[in-house]
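Asks: Following this line is coords_12.txt, made up of compact mmCIF, C-alpha atoms:
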```txt
# COMPACT_ATOMS: atom_id res chain seq x y z
CA MET A 1 -7.17 2.54 17.62
CA SER A 2 -9.24 0.24 15.40
CA ASN A 3 -8.30 -3.46 15.22
CA GLN A 4 -8.84 -3.39 11.44
CA PRO A 5 -5.88 -2.00 9.48
CA VAL A 6 -6.39 0.68 6.84
CA LEU A 7 -3.55 -0.84 4.82
CA ASN A 8 -2.11 -4.34 4.88
CA VAL A 9 0.95 -5.10 2.75
CA ASP A 10 2.03 -8.74 2.58
CA SER A 11 5.14 -10.24 0.92
CA LEU A 12 5.54 -7.31 -1.50
CA LYS A 13 8.28 -7.60 -4.11
CA THR A 14 8.98 -4.85 -6.65
CA TYR A 15 11.85 -5.59 -9.02
CA PHE A 16 13.38 -3.57 -11.85
CA TYR A 17 14.55 -5.58 -14.84
CA LEU A 18 17.64 -3.83 -16.20
CA ASP A 19 19.94 -4.40 -19.17
CA GLN A 20 22.29 -7.38 -19.30
CA ASP A 21 19.86 -9.52 -17.32
CA GLN A 22 20.37 -7.50 -14.14
CA VAL A 23 17.51 -7.47 -11.63
CA ALA A 24 17.30 -4.66 -9.07
CA LYS A 25 15.39 -5.97 -6.05
CA ALA A 26 14.24 -2.53 -4.90
CA VAL A 27 11.56 -3.92 -2.57
CA ASP A 28 12.13 -7.53 -1.61
CA ASP A 29 9.47 -9.33 0.42
CA ILE A 30 8.20 -6.76 2.91
CA SER A 31 5.05 -6.98 5.03
CA PHE A 32 3.42 -4.43 7.33
CA SER A 33 0.07 -2.93 8.40
CA ILE A 34 -1.08 0.60 9.21
CA TYR A 35 -4.07 1.29 11.44
CA PRO A 36 -6.53 4.23 11.52
CA GLY A 37 -5.10 7.33 13.20
CA GLU A 38 -1.61 5.82 13.37
CA THR A 39 1.63 7.41 12.17
CA VAL A 40 4.11 4.82 10.91
CA ALA A 41 7.59 5.96 9.88
CA LEU A 42 9.57 4.19 7.17
CA VAL A 43 13.24 5.00 7.80
CA GLY A 44 16.48 4.38 5.95
CA GLU A 45 19.22 5.88 3.81
CA SER A 46 18.67 6.84 0.19
CA GLY A 47 18.53 3.67 -1.90
CA SER A 48 16.93 1.55 0.83
CA GLY A 49 13.64 1.13 -1.05
CA LYS A 50 11.42 3.54 0.90
CA SER A 51 10.04 5.56 -2.02
CA ILE A 52 9.57 2.45 -4.20
CA THR A 53 7.47 0.98 -1.39
CA ALA A 54 5.23 4.06 -1.46
CA LEU A 55 4.99 4.07 -5.26
CA SER A 56 4.12 0.36 -5.19
CA ILE A 57 1.22 1.07 -2.83
CA MET A 58 0.04 3.83 -5.16
CA GLN A 59 0.47 1.55 -8.22
CA LEU A 60 2.81 4.06 -9.85
CA ILE A 61 5.62 1.68 -10.83
CA ASN A 62 6.68 2.14 -14.44
CA LYS A 63 8.76 -0.11 -16.69
CA PRO A 64 11.32 -1.59 -16.30
CA GLY A 65 9.86 -1.95 -12.78
CA ARG A 66 7.20 -4.51 -11.93
CA ILE A 67 5.44 -5.75 -8.82
CA ILE A 68 6.10 -9.48 -9.05
CA ASN A 69 4.62 -10.73 -5.78
CA GLY A 70 2.50 -9.78 -2.79
CA THR A 71 -0.83 -8.34 -1.79
CA ILE A 72 -1.78 -4.75 -0.93
CA LEU A 73 -5.12 -4.61 0.88
CA MET A 74 -6.75 -1.21 1.37
CA ASN A 75 -9.82 -1.59 3.60
CA ASP A 76 -10.15 -5.19 2.32
CA THR A 77 -9.81 -4.15 -1.35
CA GLU A 78 -6.92 -5.85 -3.16
CA LEU A 79 -5.23 -2.98 -5.01
CA LEU A 80 -3.06 -5.19 -7.21
CA LYS A 81 -6.16 -6.70 -8.84
CA LEU A 82 -7.84 -3.38 -9.69
CA SER A 83 -8.06 -2.03 -13.22
CA ALA A 84 -6.19 1.19 -14.02
CA LYS A 85 -9.50 3.07 -14.03
CA LYS A 86 -10.52 1.81 -10.58
CA MET A 87 -7.05 2.48 -9.18
CA THR A 88 -7.30 6.08 -10.40
CA LYS A 89 -10.40 6.47 -8.24
CA ILE A 90 -8.54 5.10 -5.22
CA ARG A 91 -5.62 7.51 -5.69
CA GLY A 92 -6.46 10.89 -4.23
CA ASN A 93 -9.77 9.65 -2.90
CA ASP A 94 -8.69 6.91 -0.46
CA ILE A 95 -4.89 7.20 -0.62
CA ALA A 96 -3.09 10.52 -1.10
CA MET A 97 0.63 11.15 -1.44
CA ILE A 98 2.84 14.17 -0.72
CA PHE A 99 6.07 14.08 -2.71
CA GLN A 100 9.58 15.25 -1.75
CA GLU A 101 9.79 18.35 -3.94
CA PRO A 102 6.55 20.31 -4.40
CA MET A 103 7.96 22.38 -7.27
CA THR A 104 8.17 19.25 -9.44
CA ALA A 105 4.89 17.78 -8.13
CA LEU A 106 2.86 20.91 -8.95
CA ASN A 107 2.19 21.79 -12.59
CA PRO A 108 3.94 25.11 -13.31
CA VAL A 109 1.49 26.20 -16.05
CA TYR A 110 -1.71 25.88 -13.99
CA THR A 111 -2.82 28.05 -11.10
CA ILE A 112 -3.04 26.66 -7.59
CA GLY A 113 -6.83 26.88 -7.83
CA ASN A 114 -6.94 24.86 -11.07
CA GLN A 115 -4.89 22.07 -9.55
CA ILE A 116 -6.95 21.76 -6.36
CA THR A 117 -10.37 22.16 -8.00
CA GLU A 118 -9.51 19.51 -10.62
CA MET A 119 -9.25 16.91 -7.85
CA LEU A 120 -12.43 18.09 -6.14
CA ARG A 121 -14.44 18.02 -9.35
CA LYS A 122 -13.05 14.62 -10.37
CA HIS A 123 -13.43 12.82 -7.03
CA LYS A 124 -16.21 14.78 -5.26
CA ASN A 125 -18.35 15.72 -8.29
CA LEU A 126 -18.49 19.38 -7.25
CA SER A 127 -19.43 22.18 -9.63
CA LYS A 128 -16.77 24.68 -10.66
CA SER A 129 -17.99 27.31 -8.18
CA GLU A 130 -18.42 24.77 -5.35
CA ALA A 131 -14.92 23.43 -5.95
CA ARG A 132 -13.43 26.93 -5.82
CA ILE A 133 -15.13 27.68 -2.49
CA LYS A 134 -13.88 24.37 -1.09
CA ALA A 135 -10.36 25.05 -2.42
CA VAL A 136 -10.21 28.40 -0.59
CA GLU A 137 -11.38 26.65 2.61
CA LEU A 138 -8.62 24.06 2.21
CA LEU A 139 -5.96 26.74 1.73
CA LYS A 140 -7.11 28.43 4.92
CA THR A 141 -7.13 25.06 6.73
CA VAL A 142 -3.43 24.52 5.97
CA GLY A 143 -2.53 28.04 7.06
CA ILE A 144 -2.12 29.80 3.71
CA PRO A 145 -2.50 33.58 4.15
CA ARG A 146 -4.37 35.53 1.44
CA ALA A 147 -6.10 32.31 0.36
CA GLU A 148 -8.52 34.18 -1.95
CA GLU A 149 -5.54 35.61 -3.86
CA VAL A 150 -3.16 32.63 -3.69
CA ILE A 151 -5.76 30.44 -5.39
CA ASP A 152 -5.17 32.40 -8.62
CA GLU A 153 -1.37 32.36 -8.38
CA TYR A 154 1.14 29.95 -9.93
CA PRO A 155 3.55 27.62 -8.07
CA HIS A 156 6.64 29.70 -8.90
CA GLN A 157 5.11 32.70 -7.12
CA LEU A 158 5.12 30.87 -3.78
CA SER A 159 7.87 29.87 -1.34
CA GLY A 160 8.87 26.23 -0.77
CA GLY A 161 6.96 26.09 2.51
CA MET A 162 3.84 27.54 0.88
CA ARG A 163 4.05 25.05 -1.99
CA GLN A 164 4.33 22.17 0.46
CA ARG A 165 1.23 23.47 2.28
CA ILE A 166 -0.53 23.49 -1.11
CA MET A 167 0.45 19.84 -1.56
CA ILE A 168 -1.01 19.00 1.86
CA ALA A 169 -4.22 20.87 0.96
CA MET A 170 -4.49 18.81 -2.23
CA ALA A 171 -3.75 15.60 -0.33
CA ILE A 172 -6.51 16.13 2.26
CA SER A 173 -9.01 17.60 -0.22
CA CYS A 174 -10.85 14.30 -0.71
CA ASP A 175 -10.63 13.07 2.91
CA PRO A 176 -8.28 10.11 2.29
CA THR A 177 -8.03 7.35 4.86
CA LEU A 178 -4.27 6.99 4.21
CA LEU A 179 -1.77 9.79 3.62
CA ILE A 180 1.72 8.90 2.37
CA ALA A 181 4.35 11.62 2.91
CA ASP A 182 7.60 10.90 1.08
CA GLU A 183 10.29 13.00 2.78
CA PRO A 184 7.96 16.02 2.73
CA THR A 185 10.47 18.43 4.31
CA THR A 186 13.67 17.55 2.41
CA ALA A 187 13.79 20.76 0.37
CA LEU A 188 12.80 23.08 3.24
CA ASP A 189 14.81 24.96 5.85
CA VAL A 190 14.69 23.79 9.46
CA THR A 191 12.07 26.19 10.84
CA ILE A 192 9.70 25.52 7.93
CA GLN A 193 10.29 21.77 8.31
CA ALA A 194 8.91 21.88 11.86
CA GLN A 195 5.87 23.89 10.72
CA ILE A 196 5.06 21.41 7.93
CA LEU A 197 5.45 18.37 10.21
CA ASP A 198 3.27 19.99 12.89
CA LEU A 199 0.68 20.78 10.23
CA MET A 200 0.66 17.20 8.97
CA ALA A 201 0.23 15.89 12.52
CA GLU A 202 -2.62 18.35 13.07
CA MET A 203 -4.35 17.34 9.81
CA LYS A 204 -3.94 13.65 10.69
CA GLU A 205 -5.70 14.19 14.03
CA LYS A 206 -8.38 16.46 12.57
CA PHE A 207 -9.34 14.11 9.73
CA GLN A 208 -8.43 10.81 11.51
CA MET A 209 -6.13 9.68 8.71
CA ALA A 210 -3.46 7.02 8.91
CA LEU A 211 -0.05 8.44 7.98
CA LEU A 212 2.93 6.67 6.40
CA LEU A 213 5.88 9.03 6.91
CA ILE A 214 8.94 8.25 4.80
CA THR A 215 12.11 9.86 6.15
CA HIS A 216 15.79 9.37 6.88
CA ASP A 217 15.62 11.63 9.95
CA LEU A 218 15.27 9.71 13.22
CA GLY A 219 14.86 13.02 15.06
CA VAL A 220 11.59 13.53 13.16
CA VAL A 221 10.60 9.93 13.88
CA SER A 222 11.07 10.31 17.65
CA GLU A 223 8.65 13.22 17.74
CA TYR A 224 5.94 12.27 15.27
CA ALA A 225 5.78 8.47 14.75
CA ASP A 226 3.88 5.87 16.76
CA ARG A 227 5.76 3.01 15.14
CA VAL A 228 8.96 2.69 13.11
CA MET A 229 10.03 0.40 10.29
CA VAL A 230 13.75 0.57 9.47
CA MET A 231 14.49 -0.39 5.87
CA TYR A 232 17.78 -1.47 4.31
CA GLY A 233 18.53 -3.20 1.02
CA GLY A 234 14.86 -3.43 0.04
CA GLN A 235 13.90 -5.20 3.29
CA ILE A 236 12.62 -4.26 6.73
CA VAL A 237 15.45 -4.94 9.20
CA GLU A 238 13.82 -3.67 12.40
CA GLN A 239 10.27 -2.77 13.37
CA ALA A 240 8.92 -1.65 16.74
CA PRO A 241 6.88 1.03 18.54
CA THR A 242 8.96 4.23 18.43
CA LYS A 243 9.78 4.51 22.13
CA LYS A 244 10.76 0.86 22.33
CA LEU A 245 13.00 1.06 19.26
CA LEU A 246 14.80 4.19 20.48
CA ARG A 247 15.21 2.82 24.01
CA ASP A 248 16.21 -0.73 23.09
CA THR A 249 17.75 -0.67 19.62
CA LYS A 250 18.44 -4.16 18.29
CA HIS A 251 19.76 -3.98 14.74
CA PRO A 252 23.32 -2.71 14.07
CA TYR A 253 22.03 -0.59 11.17
CA THR A 254 19.46 1.15 13.36
CA LYS A 255 22.16 1.74 15.98
CA GLY A 256 24.39 3.24 13.30
CA LEU A 257 21.63 5.63 12.23
CA LEU A 258 21.07 6.71 15.85
CA ASP A 259 24.79 7.15 16.53
CA SER A 260 25.03 9.53 13.59
CA LEU A 261 22.65 11.97 15.28
CA PRO A 262 24.08 14.84 17.38
CA ASN A 263 23.40 14.66 21.14
CA LEU A 264 23.06 18.00 22.91
CA ASP A 265 24.11 16.39 26.22
CA GLU A 266 27.45 15.14 24.91
CA GLU A 267 30.53 16.82 23.46
CA VAL A 268 32.14 14.77 20.71
CA ASP A 269 34.79 15.58 18.12
CA ARG A 270 33.06 13.62 15.39
CA LEU A 271 29.60 12.14 14.95
CA GLY A 272 29.30 8.42 14.37
CA ALA A 273 29.11 7.20 10.79
CA ILE A 274 28.20 3.93 9.08
CA LYS A 275 31.11 2.90 6.90
CA GLY A 276 30.54 2.32 3.20
CA ALA A 277 27.34 2.95 1.27
CA VAL A 278 24.05 1.24 0.52
CA PRO A 279 24.83 -1.35 -2.19
CA PRO A 280 22.97 -1.02 -5.51
CA ALA A 281 19.76 -3.04 -5.63
CA HIS A 282 21.09 -5.20 -8.50
CA ASP A 283 24.24 -6.12 -6.59
CA PHE A 284 23.36 -6.94 -2.98
CA PRO A 285 25.94 -9.02 -1.11
CA SER A 286 25.18 -12.69 -0.58
CA GLY A 287 23.90 -13.34 2.91
CA CYS A 288 22.87 -10.39 5.09
CA ARG A 289 22.60 -7.25 2.99
CA PHE A 290 24.19 -5.15 5.75
CA SER A 291 27.13 -7.55 6.19
CA THR A 292 29.58 -5.40 4.17
CA ARG A 293 29.08 -2.47 6.57
CA CYS A 294 28.30 -4.16 9.88
CA PRO A 295 30.78 -3.94 12.80
CA PHE A 296 29.36 -7.19 14.25
CA VAL A 297 29.65 -9.29 11.09
CA MET A 298 30.14 -13.07 11.53
CA ASP A 299 30.83 -15.86 9.04
CA LYS A 300 27.18 -16.86 8.81
CA CYS A 301 26.24 -13.25 7.96
CA THR A 302 28.02 -13.61 4.60
CA GLN A 303 26.37 -16.95 3.90
CA SER A 304 22.65 -16.52 4.60
CA ASN A 305 20.22 -13.62 4.86
CA PRO A 306 18.52 -13.69 8.30
CA GLU A 307 14.76 -13.90 8.64
CA LEU A 308 12.72 -11.15 10.30
CA GLN A 309 11.99 -12.53 13.78
CA GLU A 310 9.93 -11.23 16.69
CA LEU A 311 12.31 -10.94 19.67
CA GLU A 312 9.79 -9.30 21.98
CA LYS A 313 6.14 -8.36 21.59
CA ASP A 314 5.85 -6.06 18.54
CA HIS A 315 9.66 -5.81 18.18
CA PHE A 316 10.92 -7.50 15.00
CA VAL A 317 14.57 -7.76 13.92
CA ARG A 318 16.40 -9.25 10.92
CA CYS A 319 19.86 -10.11 12.32
CA HIS A 320 21.93 -13.24 13.01
CA LEU A 321 23.09 -11.79 16.35
CA TYR A 322 19.79 -12.95 17.80
CA ASP A 323 19.67 -16.47 16.35
CA ASN A 324 20.74 -18.00 19.68
CA GLY A 325 18.75 -15.78 21.99
CA GLY A 326 21.16 -12.83 22.08
CA ASP A 327 19.61 -9.61 23.37
CA THR A 328 22.20 -6.88 23.08
CA LEU A 329 24.59 -5.13 20.69
CA ASP A 330 27.21 -4.63 23.42
```
Written as structure tokens, how would this file's structure read?

Replies:
Amino acid sequence: MSNQPVLNVDSLKTYFYLDQDQVAKAVDDISFSIYPGETVALVGESGSGKSITALSIMQLINKPGRIINGTILMNDTELLKLSAKKMTKIRGNDIAMIFQEPMTALNPVYTIGNQITEMLRKHKNLSKSEARIKAVELLKTVGIPRAEEVIDEYPHQLSGGMRQRIMIAMAISCDPTLLIADEPTTALDVTIQAQILDLMAEMKEKFQMALLLITHDLGVVSEYADRVMVMYGGQIVEQAPTKKLLRDTKHPYTKGLLDSLPNLDEEVDRLGAIKGAVPPAHDFPSGCRFSTRCPFVMDKCTQSNPELQELEKDHFVRCHLYDNGGDTLD
């Protein structure tokens, strides 16, 4: 793996300025890097700030949202300082994104071929005929049968799994160095989910892309990710290589997520659950943002938000349990 990151995010803050002077701190001071050929998973419940992080990287934050602080370096280019025109060239060309629901991401009134060839002609300067040939090749690459016919069909004529394969074909069409996949299997059944994830892993290896995989499924993380960032309340609360995080979980929130997964080796009456819900981004509790749901809560947890600290090499945790050298949740 290269020592130079493809993407370096530092101190990123994306806030939404709502009515009545409310500020939703959707992404609140997060920092991370992604290296070539690496799969990094961003994990957390809905409302944790995962998708806003991805949209911030892509510079797709609309009012009342605004990136108020931070740097986003893509191969040493500061994305936050680029003009809208230059950022448009980066999107699709250097960074590509696969969205949760392909039916809403694909334009229903244009054929599959029109939507893929538009990107190829815009970013690769191909002629209409060259772009069509390349589009058929891409459809075959992602395992679409009848590629020569599908290219002239519309999104509604295809299954959910086929549409998601189309989205992957569009994403890899311009050989991006970073692929962001925002819960790419949410709308698919289990067998198709596995096929899509395997396909993404195969494309990542084939084209040597870095992959940011946004998910709430730690089962997916254990199989596909090299490194995990657990997000809660707009902040990263735990970060570590996947095997280390699963073997030696530090943060109570991460433990809660893991306990909610079924274990085939154990018989239990009920799966574990984290009490309560993710607080709204405009109304986080004072102190630690997980304090209202944490089984280990202490007085200081309600008074100050802990800093992200490195407990072991490459294992970072944001939790007061470790302020005095603690090393266990037991």

Asks: Do you have the atom CA of A:Asp152-atom CA of A:Asn114 distance handy?

Replies: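 Those two atoms sit 8.1 Å apart.
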
Asks: Which residues of stretch 20-108 of chain A have any atom within 12 Å of an atom in stretch 310-324 of chain A when counting only C-alpha atoms, and what is the closest pair of atoms for each, with the distance in Å to one decimal? Order the rows by chain and rising number and write it as JSON lines.

Replies:
```
{"residue": "A:Ile30", "atom": "CA", "partner": "A:Arg318", "partner_atom": "CA", "distance": 11.7}
{"residue": "A:Ser31", "atom": "CA", "partner": "A:Phe316", "partner_atom": "CA", "distance": 11.6}
{"residue": "A:Phe32", "atom": "CA", "partner": "A:Phe316", "partner_atom": "CA", "distance": 11.2}
```

Asks: Taking all atoms listed in the file into account, which of A:Ala54, A:Ile68, A:Leu257, A:Leu245 comes nearest A:Ala181?

Replies: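 Counting all atoms listed in the file, the residue closest to A:Ala181 is A:Ala54.
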
Asks: Using the file's own x, y and z axes, so that the box edges lie along x, y and z, what centre and edge lengths in Å (one decimal) does a box around every listed atom of stretch 190-195 of chain A get when 4 Å is added on each side? Give it as lines of an AutoDock Vina configuration file.

Replies:
```
center_x = 10.3
center_y = 24.0
center_z = 9.9
size_x = 16.8
size_y = 12.4
size_z = 11.9
```

Asks: Within 10 Å of (24.7, -16.7, 4.5), only C-alpha atoms: residues as a compact mmCIF listing (two decimals) with C-alpha atoms, keeping the file's coordinate frame?

Replies:
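So the final result, stored in result11.txt, reads:
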```
# COMPACT_ATOMS: atom_id res chain seq x y z
CA PRO A 285 25.94 -9.02 -1.11
CA SER A 286 25.18 -12.69 -0.58
CA GLY A 287 23.90 -13.34 2.91
CA CYS A 288 22.87 -10.39 5.09
CA ARG A 289 22.60 -7.25 2.99
CA SER A 291 27.13 -7.55 6.19
CA MET A 298 30.14 -13.07 11.53
CA ASP A 299 30.83 -15.86 9.04
CA LYS A 300 27.18 -16.86 8.81
CA CYS A 301 26.24 -13.25 7.96
CA THR A 302 28.02 -13.61 4.60
CA GLN A 303 26.37 -16.95 3.90
CA SER A 304 22.65 -16.52 4.60
CA ASN A 305 20.22 -13.62 4.86
CA PRO A 306 18.52 -13.69 8.30
CA HIS A 320 21.93 -13.24 13.01
```

Asks: Which is closest to A:Gly219 among A:Glu149, A:Asp182, A:Glu202, A:Asp259, if we use only C-alpha atoms?

Replies: A:Asp259

Asks: Do you have, as a tab-separated table, the list of residues of stretch 196-301 of chain A lying at most 12 Å from stretch 143-148 of chain A, each with its nearest atom pair and that distance in Å to one decimal, counting all atoms listed in the file and ordered by chain then number?

Replies:
```
residue	atom	partner	partner_atom	distance
A:Ile196	CA	A:Gly143	CA	10.1
A:Asp198	CA	A:Gly143	CA	11.5
A:Leu199	CA	A:Gly143	CA	8.5
A:Met200	CA	A:Gly143	CA	11.5
A:Glu202	CA	A:Gly143	CA	11.4
A:Met203	CA	A:Gly143	CA	11.2
```

Asks: Tell me, in Å to one decimal, how far atom CA of A:Phe16 is from atom CA of A:Met231.

Replies: 18.0 Å

Asks: If I only have part of stretch 236-248 of chain A, can you fill in N, CA and C atoms and write it as a JSON list (two decimals), in the coordinates of the input?

Replies:
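See result_13.json below for the written result:
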```json
[["chain", "number", "residue", "atom", "x", "y", "z"],
["A", 236, "ILE", "N", 12.76, -4.81, 5.39],
["A", 236, "ILE", "CA", 12.62, -4.26, 6.73],
["A", 236, "ILE", "C", 13.56, -5.02, 7.65],
["A", 237, "VAL", "N", 14.47, -4.29, 8.33],
["A", 237, "VAL", "CA", 15.45, -4.94, 9.20],
["A", 237, "VAL", "C", 15.11, -4.79, 10.68],
["A", 238, "GLU", "N", 14.28, -3.81, 11.01],
["A", 238, "GLU", "CA", 13.82, -3.67, 12.40],
["A", 238, "GLU", "C", 12.49, -2.94, 12.40],
["A", 239, "GLN", "N", 11.60, -3.38, 13.28],
["A", 239, "GLN", "CA", 10.27, -2.77, 13.37],
["A", 239, "GLN", "C", 9.80, -2.84, 14.81],
["A", 240, "ALA", "N", 9.35, -1.69, 15.34],
["A", 240, "ALA", "CA", 8.92, -1.65, 16.74],
["A", 240, "ALA", "C", 8.19, -0.34, 17.00],
["A", 241, "PRO", "N", 7.40, -0.27, 18.10],
["A", 241, "PRO", "CA", 6.88, 1.03, 18.54],
["A", 241, "PRO", "C", 8.05, 1.99, 18.75],
["A", 242, "THR", "N", 7.85, 3.26, 18.46],
["A", 242, "THR", "CA", 8.96, 4.23, 18.43],
["A", 242, "THR", "C", 9.75, 4.27, 19.73],
["A", 243, "LYS", "N", 9.07, 4.40, 20.85],
["A", 243, "LYS", "CA", 9.78, 4.51, 22.13],
["A", 243, "LYS", "C", 10.61, 3.27, 22.41],
["A", 244, "LYS", "N", 10.05, 2.11, 22.09],
["A", 244, "LYS", "CA", 10.76, 0.86, 22.33],
["A", 244, "LYS", "C", 12.00, 0.77, 21.44],
["A", 245, "LEU", "N", 11.87, 1.14, 20.18],
["A", 245, "LEU", "CA", 13.00, 1.06, 19.26],
["A", 245, "LEU", "C", 14.13, 2.01, 19.68],
["A", 246, "LEU", "N", 13.77, 3.21, 20.10],
["A", 246, "LEU", "CA", 14.80, 4.19, 20.48],
["A", 246, "LEU", "C", 15.45, 3.81, 21.82],
["A", 247, "ARG", "N", 14.69, 3.19, 22.68],
["A", 247, "ARG", "CA", 15.21, 2.82, 24.01],
["A", 247, "ARG", "C", 16.01, 1.52, 23.96],
["A", 248, "ASP", "N", 15.61, 0.60, 23.11],
["A", 248, "ASP", "CA", 16.21, -0.73, 23.09],
["A", 248, "ASP", "C", 16.49, -1.14, 21.64]]
```
